[in-house]
Amino acid sequence: MNAAAQIRRTHAAAQRVTKALAYRARSGAVIVAVEAGDLVRTGDILNRLGAGDLKDGYQSHYGRHVAKAYRAARETEPTRCWVRHRTTGRWVHVFVYSPFEIALYIGLATYKQTKHLAQPNLFQAAYTAAA
């Protein structure tokens, strides 16, 4: 089989995959790391702290505070991946971080809806793990 025929067959097969598989393929190794627990979404952190019942708007604002703290500390963009939205089911881009990323805890402390979840011992544990 020549290369042109193989490319045509590959494109034809790629057009018939499910939406979930297409988005998983776009996220690549990042989604594998998220599922393994090596990377976390901001919503995962809120769930672990018992605040998973916050409104979607509050959760997304928390994520914005975390991204802002990450950009200030690292001067780069956080890693993104595609996931299904928890309530609408739509595919959305979200940032993912190391579970020990200090920006996750700075975001907790700087956002008024999550300020009550910020505990100094969490900051210290994340800081020593990252260092």
# chains A, B, ... in the order shown; residues from 1 in each chain; ligands from 1
$ select_by_dssp --residues "region 27-104 of chain A" --states "alpha helix (DSSP H)" --output "PyMOL selection string"
chain A and resi 27+29-36+42-48+56-74+102-104
$ write_last_selection --atoms "N, CA and C atoms" --output "tab-separated table (two decimals), in the first residue's frame"
chain	number	residue	atom	x	y	z
A	27	SER	N	-5.92	15.18	24.16
A	27	SER	CA	-5.27	15.44	25.45
A	27	SER	C	-4.02	14.61	25.64
A	29	ALA	N	-1.04	12.31	26.65
A	29	ALA	CA	-0.49	11.80	27.91
A	29	ALA	C	-0.97	12.59	29.11
A	30	VAL	N	-1.46	13.79	28.89
A	30	VAL	CA	-1.92	14.62	30.01
A	30	VAL	C	-3.12	13.97	30.69
A	31	ILE	N	-4.08	13.50	29.90
A	31	ILE	CA	-5.28	12.89	30.49
A	31	ILE	C	-4.93	11.58	31.20
A	32	VAL	N	-3.93	10.89	30.72
A	32	VAL	CA	-3.47	9.67	31.40
A	32	VAL	C	-2.90	10.02	32.76
A	33	ALA	N	-2.13	11.11	32.83
A	33	ALA	CA	-1.56	11.55	34.11
A	33	ALA	C	-2.66	12.02	35.06
A	34	VAL	N	-3.72	12.64	34.53
A	34	VAL	CA	-4.83	13.08	35.37
A	34	VAL	C	-5.53	11.85	35.96
A	35	GLU	N	-5.79	10.86	35.13
A	35	GLU	CA	-6.48	9.66	35.61
A	35	GLU	C	-5.63	8.86	36.59
A	36	ALA	N	-4.31	8.95	36.46
A	36	ALA	CA	-3.42	8.26	37.39
A	36	ALA	C	-3.23	9.03	38.69
A	42	THR	N	-8.62	21.63	39.32
A	42	THR	CA	-9.02	22.41	40.49
A	42	THR	C	-10.28	21.82	41.11
A	43	GLY	N	-11.17	21.28	40.30
A	43	GLY	CA	-12.37	20.64	40.83
A	43	GLY	C	-12.06	19.43	41.68
A	44	ASP	N	-10.98	18.70	41.32
A	44	ASP	CA	-10.57	17.55	42.13
A	44	ASP	C	-10.14	17.99	43.53
A	45	ILE	N	-9.43	19.10	43.59
A	45	ILE	CA	-8.98	19.63	44.88
A	45	ILE	C	-10.18	20.02	45.73
A	46	LEU	N	-11.15	20.70	45.11
A	46	LEU	CA	-12.34	21.09	45.85
A	46	LEU	C	-13.11	19.87	46.35
A	47	ASN	N	-13.18	18.83	45.54
A	47	ASN	CA	-13.85	17.60	45.98
A	47	ASN	C	-13.14	16.98	47.16
A	48	ARG	N	-11.82	16.97	47.13
A	48	ARG	CA	-11.04	16.39	48.24
A	48	ARG	C	-11.23	17.18	49.54
A	56	ASP	N	-21.04	25.98	39.89
A	56	ASP	CA	-20.06	25.95	38.80
A	56	ASP	C	-19.33	27.28	38.65
A	57	GLY	N	-20.05	28.38	38.79
A	57	GLY	CA	-19.42	29.69	38.65
A	57	GLY	C	-18.35	29.91	39.70
A	58	TYR	N	-18.61	29.45	40.92
A	58	TYR	CA	-17.62	29.59	41.99
A	58	TYR	C	-16.40	28.71	41.72
A	59	GLN	N	-16.64	27.50	41.24
A	59	GLN	CA	-15.52	26.61	40.96
A	59	GLN	C	-14.65	27.17	39.84
A	60	SER	N	-15.27	27.74	38.82
A	60	SER	CA	-14.46	28.27	37.72
A	60	SER	C	-13.68	29.51	38.16
A	61	HIS	N	-14.27	30.32	39.04
A	61	HIS	CA	-13.53	31.47	39.55
A	61	HIS	C	-12.35	31.02	40.41
A	62	TYR	N	-12.54	29.96	41.17
A	62	TYR	CA	-11.41	29.41	41.94
A	62	TYR	C	-10.31	28.99	40.97
A	63	GLY	N	-10.68	28.33	39.89
A	63	GLY	CA	-9.70	27.92	38.89
A	63	GLY	C	-8.96	29.09	38.29
A	64	ARG	N	-9.66	30.21	38.09
A	64	ARG	CA	-9.00	31.40	37.57
A	64	ARG	C	-8.00	31.97	38.56
A	65	HIS	N	-8.34	31.94	39.84
A	65	HIS	CA	-7.41	32.41	40.87
A	65	HIS	C	-6.16	31.52	40.91
A	66	VAL	N	-6.36	30.22	40.76
A	66	VAL	CA	-5.21	29.30	40.76
A	66	VAL	C	-4.34	29.56	39.54
A	67	ALA	N	-4.94	29.71	38.38
A	67	ALA	CA	-4.17	29.97	37.15
A	67	ALA	C	-3.39	31.27	37.27
A	68	LYS	N	-4.01	32.29	37.86
A	68	LYS	CA	-3.33	33.57	38.03
A	68	LYS	C	-2.12	33.42	38.96
A	69	ALA	N	-2.28	32.67	40.05
A	69	ALA	CA	-1.16	32.44	40.97
A	69	ALA	C	-0.06	31.62	40.30
A	70	TYR	N	-0.45	30.65	39.48
A	70	TYR	CA	0.52	29.82	38.77
A	70	TYR	C	1.33	30.67	37.79
A	71	ARG	N	0.63	31.50	37.03
A	71	ARG	CA	1.32	32.37	36.06
A	71	ARG	C	2.28	33.33	36.76
A	72	ALA	N	1.86	33.84	37.91
A	72	ALA	CA	2.73	34.78	38.64
A	72	ALA	C	3.98	34.09	39.17
A	73	ALA	N	3.84	32.84	39.61
A	73	ALA	CA	4.97	32.13	40.17
A	73	ALA	C	5.89	31.56	39.11
A	74	ARG	N	5.34	31.03	38.04
A	74	ARG	CA	6.13	30.31	37.03
A	74	ARG	C	6.38	31.10	35.75
A	102	ILE	N	1.77	24.87	44.78
A	102	ILE	CA	1.43	25.88	45.78
A	102	ILE	C	0.33	26.81	45.27
A	103	ALA	N	0.22	26.98	43.97
A	103	ALA	CA	-0.82	27.86	43.40
A	103	ALA	C	-2.22	27.37	43.74
A	104	LEU	N	-2.40	26.07	43.91
A	104	LEU	CA	-3.71	25.53	44.30
A	104	LEU	C	-4.15	26.08	45.65
$ select_by_dssp --residues "chain A" --states "strand (DSSP E)" --output "VMD selection string"
chain A and resid 40 to 41 79 to 84 91 to 97
$ closest_residue --among "A:Lys115, A:Asp38, A:Ala109, A:Tyr97" --to "Arg80 (chain A)" --atoms "only C-alpha atoms"
A:Tyr97
$ atom_distance --atom1 "CA of Arg84 (chain A)" --atom2 "CA of Leu49 (chain A)"
21.1 Å
$ closest_residue --among "A:Ala3, A:Ala51, A:Cys81, A:Val94" --to "Leu108 (chain A)" --atoms "only C-alpha atoms"
A:Ala51
$ atom_distance --atom1 "CA of Glu77 (chain A)" --atom2 "CA of Ala22 (chain A)"
23.5 Å
